[in-house]
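Here is the file structure32.txt (compact mmCIF, C-alpha atoms (C1' of nucleotides)).
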# COMPACT_ATOMS: atom_id res chain seq x y z
CA MET A 1 207.28 182.69 83.26
CA ALA A 2 208.33 179.50 81.60
CA GLY A 3 212.06 180.02 81.21
CA LYS A 4 213.89 181.63 84.07
CA LYS A 5 216.35 184.20 82.88
CA SER A 6 219.44 184.88 84.86
CA PRO A 7 220.14 188.61 84.46
CA ASN A 8 223.71 188.63 85.64
CA GLY A 9 224.31 185.26 84.08
CA ALA A 10 227.28 184.54 86.32
CA ARG A 11 226.21 182.08 89.01
CA SER A 12 224.70 178.78 88.04
CA ASP A 13 221.83 179.05 90.53
CA PRO A 14 221.20 182.63 91.55
CA ALA A 15 218.39 182.03 94.02
CA VAL A 16 219.07 179.06 96.25
CA THR A 17 222.55 179.34 97.61
CA THR A 18 222.68 175.99 99.30
CA GLU A 19 221.13 172.59 98.75
CA ALA A 20 218.76 171.07 101.30
CA ARG A 21 220.08 170.73 104.79
CA ARG A 22 218.88 170.64 108.40
CA ALA A 23 215.43 169.21 109.14
CA PRO A 24 214.34 166.94 106.33
CA MET A 25 210.60 166.67 107.09
CA ARG A 26 208.20 166.08 104.29
CA GLU A 27 209.18 167.87 101.19
CA PHE A 28 207.38 171.11 101.62
CA SER A 29 205.94 171.65 98.17
CA ARG A 30 204.43 168.19 98.19
CA SER A 31 202.45 168.56 101.37
CA LEU A 32 198.73 168.07 101.07
CA PRO A 33 197.81 171.64 101.99
CA MET A 34 200.16 173.00 99.34
CA SER A 35 198.88 170.60 96.72
CA LEU A 36 195.32 171.63 97.37
CA LEU A 37 196.20 175.29 97.45
CA ARG A 38 198.05 175.20 94.16
CA ALA A 39 195.36 173.16 92.46
CA ARG A 40 192.63 175.49 93.55
CA GLU A 41 194.61 178.53 92.58
CA ALA A 42 195.24 177.04 89.15
CA VAL A 43 191.51 176.55 88.72
CA MET A 44 190.50 179.98 89.96
CA ARG A 45 193.10 181.65 87.80
CA GLN A 46 190.95 180.59 84.87
CA PHE A 47 187.82 182.21 86.20
CA ARG A 48 189.03 185.36 87.87
CA PRO A 49 189.61 187.47 84.72
CA SER A 50 186.08 186.93 83.48
CA LEU A 51 184.57 187.68 86.88
CA ARG A 52 186.73 190.74 87.16
CA ASN A 53 185.49 192.03 83.83
CA HIS A 54 182.03 191.97 85.31
CA GLY A 55 183.08 193.68 88.51
CA LEU A 56 182.77 190.62 90.70
CA THR A 57 185.15 188.97 93.07
CA GLU A 58 185.20 185.26 93.51
CA GLN A 59 183.26 185.44 96.78
CA GLN A 60 180.65 187.83 95.45
CA TRP A 61 180.12 185.45 92.58
CA ARG A 62 179.74 182.53 94.98
CA ILE A 63 177.04 184.36 96.85
CA LEU A 64 175.06 185.41 93.80
CA ARG A 65 175.50 181.95 92.38
CA ALA A 66 174.11 180.37 95.53
CA LEU A 67 171.20 182.79 95.53
CA THR A 68 170.06 181.77 92.04
CA ALA A 69 169.24 178.33 93.40
CA VAL A 70 166.73 179.55 95.96
CA ASP A 71 163.98 182.07 96.34
CA THR A 72 165.13 183.29 99.71
CA ILE A 73 167.77 182.15 102.16
CA GLU A 74 168.82 183.13 105.64
CA VAL A 75 172.23 184.61 106.22
CA THR A 76 173.61 181.76 108.29
CA GLU A 77 172.45 179.21 105.78
CA LEU A 78 173.95 181.27 102.97
CA ALA A 79 177.26 181.35 104.82
CA ARG A 80 177.22 177.59 104.99
CA VAL A 81 176.35 177.11 101.33
CA ALA A 82 178.77 179.71 99.96
CA PHE A 83 181.41 178.56 102.44
CA LEU A 84 182.10 181.97 103.86
CA LEU A 85 182.57 183.03 107.45
CA GLY A 86 179.94 185.26 108.97
CA PRO A 87 181.99 188.44 109.08
CA SER A 88 183.05 188.14 105.44
CA LEU A 89 179.52 187.48 104.37
CA SER A 90 178.24 190.39 106.39
CA ARG A 91 180.56 192.79 104.61
CA ILE A 92 179.91 191.41 101.18
CA LEU A 93 176.14 191.49 101.60
CA ARG A 94 176.36 195.12 102.63
CA ASP A 95 178.23 195.83 99.41
CA LEU A 96 175.98 193.73 97.17
CA GLU A 97 172.92 195.37 98.63
CA ALA A 98 174.38 198.82 98.00
CA ARG A 99 174.89 197.78 94.38
CA ASP A 100 171.30 196.55 94.20
CA LEU A 101 172.37 193.05 93.28
CA ILE A 102 170.53 191.50 96.22
CA GLU A 103 167.56 192.29 98.45
CA ARG A 104 167.23 191.83 102.18
CA ARG A 105 164.49 191.83 104.74
CA THR A 106 164.21 190.57 108.27
CA ALA A 107 162.15 187.49 109.01
CA LYS A 108 158.76 188.23 110.51
CA ALA A 109 158.89 185.26 112.84
CA ASP A 110 162.38 186.04 114.17
CA LEU A 111 163.71 189.56 113.97
CA ARG A 112 167.27 188.39 114.40
CA ARG A 113 167.26 186.57 111.10
CA GLY A 114 167.92 188.22 107.79
CA GLU A 115 166.46 186.88 104.57
CA VAL A 116 168.39 187.42 101.39
CA SER A 117 167.42 187.03 97.77
CA ILE A 118 168.89 187.99 94.44
CA SER A 119 167.50 191.02 92.65
CA SER A 120 166.57 191.13 89.00
CA LYS A 121 169.68 193.19 88.38
CA GLY A 122 171.72 190.53 90.11
CA LEU A 123 170.06 187.88 88.05
CA LYS A 124 170.92 189.71 84.86
CA LEU A 125 174.52 189.94 85.95
CA ILE A 126 174.65 186.23 86.63
CA GLU A 127 173.21 185.53 83.25
CA ALA A 128 175.84 187.71 81.66
CA VAL A 129 178.70 185.92 83.39
CA ALA A 130 177.41 182.36 83.31
CA PRO A 131 178.13 181.53 79.65
CA THR A 132 181.83 182.32 79.96
CA SER A 133 182.02 180.51 83.26
CA GLU A 134 180.34 177.45 81.88
CA ALA A 135 182.60 177.47 78.85
CA ILE A 136 185.69 177.56 81.04
CA TYR A 137 184.35 174.79 83.21
CA ALA A 138 183.57 172.72 80.16
CA GLU A 139 187.08 173.25 78.85
CA ILE A 140 188.59 172.15 82.14
CA THR A 141 186.36 169.10 82.23
CA SER A 142 187.22 168.09 78.72
CA ARG A 143 190.93 168.58 79.23
CA TYR A 144 191.08 166.67 82.45
CA GLY A 145 188.45 164.12 81.59
CA ALA A 146 184.95 164.04 82.98
CA ARG A 147 185.39 160.65 84.54
CA LYS A 148 188.63 161.61 86.20
CA LEU A 149 187.20 164.87 87.42
CA ALA A 150 184.32 163.07 89.09
CA GLU A 151 186.76 160.68 90.68
CA LEU A 152 188.86 163.55 91.98
CA GLN A 153 185.82 165.15 93.55
CA ASP A 154 184.83 161.90 95.16
CA MET A 155 188.27 161.61 96.68
CA LEU A 156 188.12 165.17 97.94
CA ALA A 157 184.73 164.54 99.49
CA GLU A 158 186.03 161.48 101.24
CA LEU A 159 189.00 163.41 102.55
CA GLU A 160 186.59 165.95 103.96
CA ARG A 161 184.55 163.27 105.64
CA GLY A 162 187.56 161.66 107.26
CA LEU A 163 188.84 164.97 108.55
CA ALA A 164 185.48 165.88 110.00
CA GLU A 165 185.73 162.76 112.11
CA MET A 166 189.22 163.67 113.27
CA GLU A 167 188.04 166.98 114.61
CA VAL A 168 185.65 165.36 117.01
CA ALA A 169 188.26 162.91 118.22
CA GLY A 170 191.06 165.45 118.68
CA GLU A 171 189.22 168.10 120.63
CA ALA A 172 190.90 167.41 123.97
CA ASP A 173 194.49 167.50 122.66
CA ALA A 174 194.37 171.12 121.64
CA GLU A 175 193.72 172.26 125.18
CA ALA A 176 196.64 170.26 126.52
CA ASP A 177 198.81 172.18 124.06
CA GLU A 178 197.96 175.60 125.44
CA MET B 179 178.95 172.92 116.36
CA ALA B 180 178.13 169.41 115.34
CA GLY B 181 174.35 169.22 115.42
CA LYS B 182 172.26 172.05 114.09
CA LYS B 183 169.66 173.08 116.60
CA SER B 184 166.49 174.74 115.50
CA PRO B 185 165.71 177.25 118.25
CA ASN B 186 162.11 177.93 117.42
CA GLY B 187 161.58 174.34 116.36
CA ALA B 188 158.40 175.20 114.55
CA ARG B 189 159.06 175.24 110.82
CA SER B 190 160.36 172.15 109.13
CA ASP B 191 163.04 174.01 107.14
CA PRO B 192 163.79 177.38 108.67
CA ALA B 193 166.47 178.53 106.25
CA VAL B 194 165.64 177.76 102.66
CA THR B 195 162.17 179.00 101.93
CA THR B 196 161.87 177.56 98.47
CA GLU B 197 163.25 174.58 96.60
CA ALA B 198 165.58 175.02 93.66
CA ARG B 199 164.31 177.10 90.79
CA ARG B 200 165.60 179.33 87.98
CA ALA B 201 168.95 178.62 86.39
CA PRO B 202 169.95 175.04 87.06
CA MET B 203 173.69 175.22 86.19
CA ARG B 204 176.04 172.87 87.87
CA GLU B 205 175.10 172.23 91.40
CA PHE B 206 177.02 174.88 93.15
CA SER B 207 178.44 173.00 96.08
CA ARG B 208 179.82 170.34 93.77
CA SER B 209 181.84 172.64 91.59
CA LEU B 210 185.54 171.94 91.43
CA PRO B 211 186.61 175.20 93.07
CA MET B 212 184.27 174.59 95.99
CA SER B 213 185.42 171.01 96.37
CA LEU B 214 189.03 172.08 96.51
CA LEU B 215 188.29 174.93 98.86
CA ARG B 216 186.39 172.79 101.31
CA ALA B 217 188.96 170.03 101.23
CA ARG B 218 191.79 172.40 101.88
CA GLU B 219 189.93 174.14 104.64
CA ALA B 220 189.19 170.79 106.27
CA VAL B 221 192.89 169.99 106.21
CA MET B 222 194.05 173.34 107.53
CA ARG B 223 191.48 173.31 110.28
CA GLN B 224 193.55 170.50 111.78
CA PHE B 225 196.77 172.47 111.78
CA ARG B 226 195.68 175.98 112.62
CA PRO B 227 195.15 175.54 116.38
CA SER B 228 198.64 174.19 116.92
CA LEU B 229 200.21 176.94 114.81
CA ARG B 230 198.15 179.51 116.64
CA ASN B 231 199.41 178.26 119.99
CA HIS B 232 202.89 179.06 118.78
CA GLY B 233 201.94 182.50 117.50
CA LEU B 234 202.16 181.61 113.83
CA THR B 235 199.74 182.00 110.99
CA GLU B 236 199.58 179.49 108.22
CA GLN B 237 201.55 181.70 105.86
CA GLN B 238 204.23 182.54 108.38
CA TRP B 239 204.64 178.84 108.98
CA ARG B 240 204.95 178.20 105.26
CA ILE B 241 207.73 180.73 105.01
CA LEU B 242 209.73 179.45 107.97
CA ARG B 243 209.15 175.93 106.79
CA ALA B 244 210.52 176.75 103.35
CA LEU B 245 213.52 178.48 104.89
CA THR B 246 214.59 175.40 106.84
CA ALA B 247 215.30 173.63 103.56
CA VAL B 248 217.87 176.16 102.39
CA ASP B 249 220.70 178.22 103.72
CA THR B 250 219.64 181.39 101.98
CA ILE B 251 217.00 182.21 99.41
CA GLU B 252 216.01 185.26 97.43
CA VAL B 253 212.67 186.91 98.01
CA THR B 254 211.22 186.13 94.60
CA GLU B 255 212.24 182.53 94.81
CA LEU B 256 210.79 182.30 98.30
CA ALA B 257 207.51 183.66 97.01
CA ARG B 258 207.43 180.94 94.41
CA VAL B 259 208.22 178.15 96.86
CA ALA B 260 205.89 179.30 99.63
CA PHE B 261 203.25 180.15 97.03
CA LEU B 262 202.67 183.68 98.20
CA LEU B 263 202.28 186.84 96.19
CA GLY B 264 205.00 189.44 96.45
CA PRO B 265 203.05 191.97 98.49
CA SER B 266 201.95 189.40 101.05
CA LEU B 267 205.45 188.06 101.37
CA SER B 268 206.86 191.56 101.74
CA ARG B 269 204.59 192.30 104.68
CA ILE B 270 205.16 188.97 106.36
CA LEU B 271 208.94 189.19 106.04
CA ARG B 272 208.85 192.61 107.64
CA ASP B 273 206.98 191.10 110.57
CA LEU B 274 209.12 187.98 110.87
CA GLU B 275 212.26 190.08 110.80
CA ALA B 276 210.92 192.30 113.57
CA ARG B 277 210.33 189.16 115.62
CA ASP B 278 213.88 188.00 114.92
CA LEU B 279 212.68 184.78 113.32
CA ILE B 280 214.50 185.49 110.06
CA GLU B 281 217.50 187.46 108.84
CA ARG B 282 217.86 189.52 105.70
CA ARG B 283 220.61 191.12 103.71
CA THR B 284 220.91 192.48 100.22
CA ALA B 285 222.85 190.56 97.62
CA LYS B 286 226.28 191.97 96.87
CA ALA B 287 226.06 191.25 93.18
CA ASP B 288 222.62 192.82 92.72
CA LEU B 289 221.43 195.41 95.18
CA ARG B 290 217.81 194.92 94.18
CA ARG B 291 217.73 191.40 95.50
CA GLY B 292 217.14 190.50 99.12
CA GLU B 293 218.48 187.33 100.66
CA VAL B 294 216.54 185.72 103.44
CA SER B 295 217.46 183.02 105.93
CA ILE B 296 215.99 181.61 109.09
CA SER B 297 217.47 182.68 112.41
CA SER B 298 218.36 180.33 115.24
CA LYS B 299 215.31 181.58 117.08
CA GLY B 300 213.19 180.77 114.06
CA LEU B 301 214.73 177.37 113.85
CA LYS B 302 213.91 176.68 117.48
CA LEU B 303 210.34 177.71 116.87
CA ILE B 304 210.08 175.35 113.91
CA GLU B 305 211.45 172.55 115.99
CA ALA B 306 208.88 173.24 118.65
CA VAL B 307 205.98 173.12 116.21
CA ALA B 308 207.13 170.34 113.92
CA PRO B 309 206.34 167.35 116.17
CA THR B 310 202.68 168.27 116.51
CA SER B 311 202.46 169.07 112.82
CA GLU B 312 204.02 165.80 111.84
CA ALA B 313 201.71 163.91 114.17
CA ILE B 314 198.67 165.53 112.63
CA TYR B 315 199.93 164.80 109.16
CA ALA B 316 200.58 161.21 110.09
CA GLU B 317 197.09 160.89 111.48
CA ILE B 318 195.58 162.26 108.28
CA THR B 319 197.69 159.94 106.19
CA SER B 320 196.76 156.90 108.20
CA ARG B 321 193.06 157.75 108.17
CA TYR B 322 192.89 158.42 104.50
CA GLY B 323 195.40 155.84 103.45
CA ALA B 324 198.93 156.57 102.30
CA ARG B 325 198.35 155.02 98.89
CA LYS B 326 195.19 156.96 98.31
CA LEU B 327 196.77 160.17 99.50
CA ALA B 328 199.59 159.79 97.01
CA GLU B 329 197.08 159.12 94.29
CA LEU B 330 195.11 162.22 95.21
CA GLN B 331 198.23 164.33 95.04
CA ASP B 332 199.11 162.90 91.67
CA MET B 333 195.69 163.81 90.39
CA LEU B 334 196.00 167.32 91.76
CA ALA B 335 199.37 167.73 90.13
CA GLU B 336 197.99 166.61 86.81
CA LEU B 337 195.12 169.04 87.14
CA GLU B 338 197.63 171.80 87.70
CA ARG B 339 199.60 170.80 84.64
CA GLY B 340 196.55 170.75 82.42
CA LEU B 341 195.42 174.14 83.62
CA ALA B 342 198.83 175.65 83.08
CA GLU B 343 198.51 174.68 79.44
CA MET B 344 195.07 176.26 79.20
CA GLU B 345 196.39 179.60 80.34
CA VAL B 346 198.76 179.84 77.44
CA ALA B 347 196.07 178.90 74.96
CA GLY B 348 193.40 181.21 76.33
CA GLU B 349 195.36 184.43 76.54
CA ALA B 350 193.71 186.14 73.57
CA ASP B 351 190.12 185.49 74.68
CA ALA B 352 190.37 187.60 77.79
CA GLU B 353 191.17 190.73 75.84
CA ALA B 354 188.19 190.23 73.56
CA ASP B 355 186.05 190.18 76.70
CA GLU B 356 187.13 193.58 77.94
C1' DG C 357 157.22 188.19 133.33
C1' DC C 358 161.97 188.65 134.35
C1' DG C 359 166.81 187.51 134.28
C1' DG C 360 170.11 184.57 132.38
C1' DA C 361 171.60 181.73 128.60
C1' DC C 362 171.62 181.31 123.86
C1' DA C 363 171.24 182.50 118.87
C1' DA C 364 171.78 185.43 114.68
C1' DC C 365 174.00 188.58 113.05
C1' DT C 366 177.36 192.72 112.91
C1' DT C 367 181.65 195.34 114.16
C1' DA C 368 186.23 195.57 115.20
C1' DA C 369 190.98 194.53 114.60
C1' DC C 370 194.57 192.44 112.47
C1' DA C 371 196.60 189.30 108.71
C1' DT C 372 196.56 187.94 104.00
C1' DG C 373 194.88 187.98 98.85
C1' DT C 374 194.93 190.75 94.83
C1' DT C 375 195.90 194.31 91.52
C1' DA C 376 198.14 198.57 90.41
C1' DA C 377 201.61 201.79 91.08
C1' DA C 378 205.98 203.42 92.96
C1' DC C 379 210.98 202.85 93.35
C1' DA C 380 215.51 201.84 92.85
C1' DA C 381 218.98 199.03 90.58
C1' DA C 382 220.37 196.63 86.48
C1' DT C 383 220.21 195.85 81.51
C1' DT C 384 219.51 197.11 76.90
C1' DT C 385 219.35 200.43 73.00
C1' DC C 386 220.84 203.61 70.17
C1' DG D 387 227.08 206.26 78.01
C1' DA D 388 222.63 208.54 78.80
C1' DA D 389 217.78 207.39 77.93
C1' DA D 390 214.51 203.86 77.75
C1' DT D 391 213.24 199.42 79.35
C1' DT D 392 213.17 195.72 82.39
C1' DT D 393 213.62 193.50 86.89
C1' DG D 394 213.27 192.81 92.10
C1' DT D 395 210.95 194.50 95.74
C1' DT D 396 207.94 197.42 98.34
C1' DT D 397 203.82 200.46 99.10
C1' DA D 398 199.13 201.53 98.45
C1' DA D 399 194.34 200.48 98.34
C1' DC D 400 190.67 197.64 98.65
C1' DA D 401 188.50 192.89 99.53
C1' DT D 402 188.43 188.77 102.22
C1' DG D 403 190.02 185.40 106.14
C1' DT D 404 190.00 184.88 111.00
C1' DT D 405 189.09 185.44 115.84
C1' DA D 406 186.98 188.10 119.46
C1' DA D 407 183.69 191.14 121.15
C1' DG D 408 179.41 193.70 120.74
C1' DT D 409 174.17 194.09 119.72
C1' DT D 410 169.81 192.78 119.56
C1' DG D 411 166.22 189.40 119.70
C1' DT D 412 164.45 184.54 121.59
C1' DC D 413 163.97 181.09 124.60
C1' DC D 414 163.69 179.01 129.06
C1' DG D 415 163.28 178.20 133.75
C1' DC D 416 161.57 179.75 137.74

Just give me the structure of the file as C-alpha cells.
Amino acid sequence: MAGKKSPNGARSDPAVTTEARRAPMREFSRSLPMSLLRAREAVMRQFRPSLRNHGLTEQQWRILRALTAVDTIEVTELARVAFLLGPSLSRILRDLEARDLIERRTAKADLRRGEVSISSKGLKLIEAVAPTSEAIYAEITSRYGARKLAELQDMLAELERGLAEMEVAGEADAEADE
Amino acid sequence: MAGKKSPNGARSDPAVTTEARRAPMREFSRSLPMSLLRAREAVMRQFRPSLRNHGLTEQQWRILRALTAVDTIEVTELARVAFLLGPSLSRILRDLEARDLIERRTAKADLRRGEVSISSKGLKLIEAVAPTSEAIYAEITSRYGARKLAELQDMLAELERGLAEMEVAGEADAEADE
DNA sequence: GCGGACAACTTAACATGTTAAACAAATTTC
DNA sequence: GAAATTTGTTTAACATGTTAAGTTGTCCGC
C-alpha cells in the first residue's frame, strides 16, 4: 500500500501513459467534494472494523446511536437526526426490528406516524460497542488536537450554513437547465 | 422543504417524546463523521441536479473528469484517483463503455491490465457540463471565501495524514477484537 | 361529511458501497 | 519449468443512496 511495486519493472510509470493535457480545470483530487469524501472515508475506516465485529453497519450504528438519546422518536425525525433518506431508513428499521434491536408502534394520535425506540437488546449492543468507539474517537482527537478538531467542525458547520443559503437562491436556475 | 409544518399543530414537540436520557456520549450530530457527511452532502446537493440533467451520476462524472487529465490510465490507478472501489469502478466502466463515453483496451505488456481513455463523445459531454460545474464551484468559493476554503482543505488533508498513520499502528488491535 | 390536497411512510427500481470469492495472467519458488 | 503465490480485474451478494411512485391516514374547504 505504501510503496508501489512495478511488476514488470520496465516502464518508468506503468499507469499514467501521458502527463496532463486537454482541459485544465481545477485539479481534480483537490476539489472540495473529493477532499471531504477522502477525509470522511479516512475517519470511517477507523470505525468500520469494530462495528463489523458486532454485526453493525455504519448506518445501523447511527440509528441505534441516535435512539439512545431519546425515549421515543418518530421515523421522519429519526431520518433527520441520523441523516438518512426515508427509503434507506425504512429498510434498515425493518431489519433492526427483525433482529429485536428496536421496537416500533404507531402513534395513537396519528396512525400514519411510526414511533421507534431502542430495545434492551439494542441497548446492550450499544454498550458493547461504545467503549471501542470512544477509544478510537479519543485517539483521533488526541492525534489531531482537540482545539483543531473543534475548529474544523466549526468550519464545516459554516460551510453547511452557507450552502443552505445557496440552495434557496439558486432554485430557478436548475429549471432553466432542463 | 424549508419550514417544518406541524400538520396537527396540537403538541408542542410532535417528534421527540422525551428529552435526552441514558448514555450521554458525544452529542451524536456533532461527531466528526456526521459533520463531514453533512458538509459533503451539502456540497454535492449543489452539483447533483446539473449532473443529472446531463445523465451523469456523481461517480460517473468523477471518472470522466479524471480521464480528461490523462491520455490513458489503468483501471487500478483510475480507482485510486477517482476514489472508487474496484467493484464499483468495474460496473461503471461497463456502463460508460456501453454508452460510448470511454474506450478500453488491454495492455500489450500485461494482459491482466485494462487501459481506459475518454472518447470524443465523452469529452464533449464533459465540456457541456463543465461550465455549470465551474460556476457552482466559483459561487461556493466566493461565498465561503477562497482563503478559508484553502484552509479547510489543508485541515482535511492533515486529518487524512494523521489517520493514515493510525491505521498502521492499530492493525493488531482489530484481530484481538474478533 | 365528502372529495381533493397534503403528509408520513413504504415499495420499487436502479446505481453505488463494501466485502468475499472467482478468474486469468504474471511472478516467484523450488 | 511446473506448482504455488501474487496481482489486476471482474462477479457475486448484500446493504445503502437516490428518485419516483404507491399506500394509507389527516386535514381542509365547501

Quick one: which chain A residues come within 10 Å of chain D, and what is the nearest atom pair for each with the distance in Å to one decimal, counting all atoms listed in the file, rows ordered by chain and ascending number, as a tab-separated table?
residue	atom	partner	partner_atom	distance
A:Pro7	CA	D:DT393	C1'	8.5
A:Thr57	CA	D:DA401	C1'	8.3
A:Glu58	CA	D:DT402	C1'	9.9
A:Gln59	CA	D:DT402	C1'	8.2
A:Leu84	CA	D:DG403	C1'	8.9
A:Leu85	CA	D:DG403	C1'	7.9
A:Pro87	CA	D:DT404	C1'	9.0
A:Ser88	CA	D:DT402	C1'	6.3
A:Leu89	CA	D:DT402	C1'	9.3
A:Arg91	CA	D:DT402	C1'	9.2
A:Ile92	CA	D:DA401	C1'	8.9
A:Asp110	CA	D:DG411	C1'	7.5
A:Leu111	CA	D:DG411	C1'	6.3
A:Arg112	CA	D:DG411	C1'	5.5
A:Arg113	CA	D:DG411	C1'	9.1

### Task
Could you jot down the CA of Leu229 in chain B to CA of Arg272 in chain B separation for me, Å, one decimal place?
19.3 Å

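The closest residue to chain A, picked from C:DC358, C:DC365, C:DA377, C:DA371 and counting all atoms listed in the file, is C:DC365.
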
### Message
Distance limit 12 Å, atoms considered: all atoms listed in the file. Which chain C residues sit that close to chain A? Return them as a ChimeraX atom specification.
### Response
/C:363-368,373-375,382-384

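CA of Phe225 in chain B to CA of Ile318 in chain B spans 10.9 Å [interatomic distance, one decimal].
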
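If you look at CA of Lys299 in chain B and CA of Asp278 in chain B, they are 6.9 Å away from each other.
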
### Query
Using all atoms listed in the file, which residue out of A:Ile126, A:Leu56, A:Val116, A:Leu156 lies closest to chain B?
A:Leu156

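Candidate residues B:Ile241, B:Ala313, B:Ile280, B:Ala335 were compared for distance to chain A, and the nearest is B:Ala335, using only C-alpha atoms.
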
#### Entry: Proximity to chain B - best of A:Ile73, A:Ala150, A:Ile118, A:Leu67, all atoms listed in the file
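Under the stated criterion, the closest residue is A:Ile73.
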
### Message
Which residue is closest to chain B? Choose from A:Glu27, A:Glu139, A:Glu115, A:Glu160 and count only C-alpha atoms.
### Response
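Ranked by minimum distance to chain B, first place goes to A:Glu160.
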
Only C-alpha atoms (C1' of nucleotides) needed: put chain D from the block into a file as an mmCIF file, in the first residue's frame.
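Saved result, result_33.cif, follows:
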data_model
loop_
_atom_site.group_PDB
_atom_site.id
_atom_site.type_symbol
_atom_site.label_atom_id
_atom_site.label_comp_id
_atom_site.auth_asym_id
_atom_site.auth_seq_id
_atom_site.Cartn_x
_atom_site.Cartn_y
_atom_site.Cartn_z
ATOM 1 C "C1'" DG D 387 9.682 -25.149 -15.779
ATOM 2 C "C1'" DA D 388 5.577 -26.761 -13.298
ATOM 3 C "C1'" DA D 389 3.373 -25.665 -8.871
ATOM 4 C "C1'" DA D 390 2.396 -22.205 -5.673
ATOM 5 C "C1'" DT D 391 1.752 -17.411 -4.948
ATOM 6 C "C1'" DT D 392 0.640 -12.915 -6.168
ATOM 7 C "C1'" DT D 393 -1.584 -9.352 -8.953
ATOM 8 C "C1'" DG D 394 -5.270 -6.954 -11.849
ATOM 9 C "C1'" DT D 395 -9.829 -7.181 -12.666
ATOM 10 C "C1'" DT D 396 -14.456 -8.881 -12.526
ATOM 11 C "C1'" DT D 397 -18.546 -11.240 -10.405
ATOM 12 C "C1'" DA D 398 -21.452 -12.169 -6.621
ATOM 13 C "C1'" DA D 399 -24.171 -10.923 -2.741
ATOM 14 C "C1'" DC D 400 -25.950 -7.925 0.338
ATOM 15 C "C1'" DA D 401 -26.596 -3.024 2.247
ATOM 16 C "C1'" DT D 402 -27.330 1.746 1.328
ATOM 17 C "C1'" DG D 403 -28.074 6.129 -1.765
ATOM 18 C "C1'" DT D 404 -31.348 8.237 -4.707
ATOM 19 C "C1'" DT D 405 -35.503 9.376 -7.160
ATOM 20 C "C1'" DA D 406 -40.191 8.212 -8.302
ATOM 21 C "C1'" DA D 407 -44.405 6.117 -7.391
ATOM 22 C "C1'" DG D 408 -47.636 3.837 -4.336
ATOM 23 C "C1'" DT D 409 -50.440 3.449 0.213
ATOM 24 C "C1'" DT D 410 -52.772 4.890 3.841
ATOM 25 C "C1'" DG D 411 -54.219 8.340 7.061
ATOM 26 C "C1'" DT D 412 -55.280 13.650 8.059
ATOM 27 C "C1'" DC D 413 -56.698 17.925 7.125
ATOM 28 C "C1'" DC D 414 -59.410 21.394 4.890
ATOM 29 C "C1'" DG D 415 -62.741 23.740 2.400
ATOM 30 C "C1'" DC D 416 -67.108 23.715 0.917
#
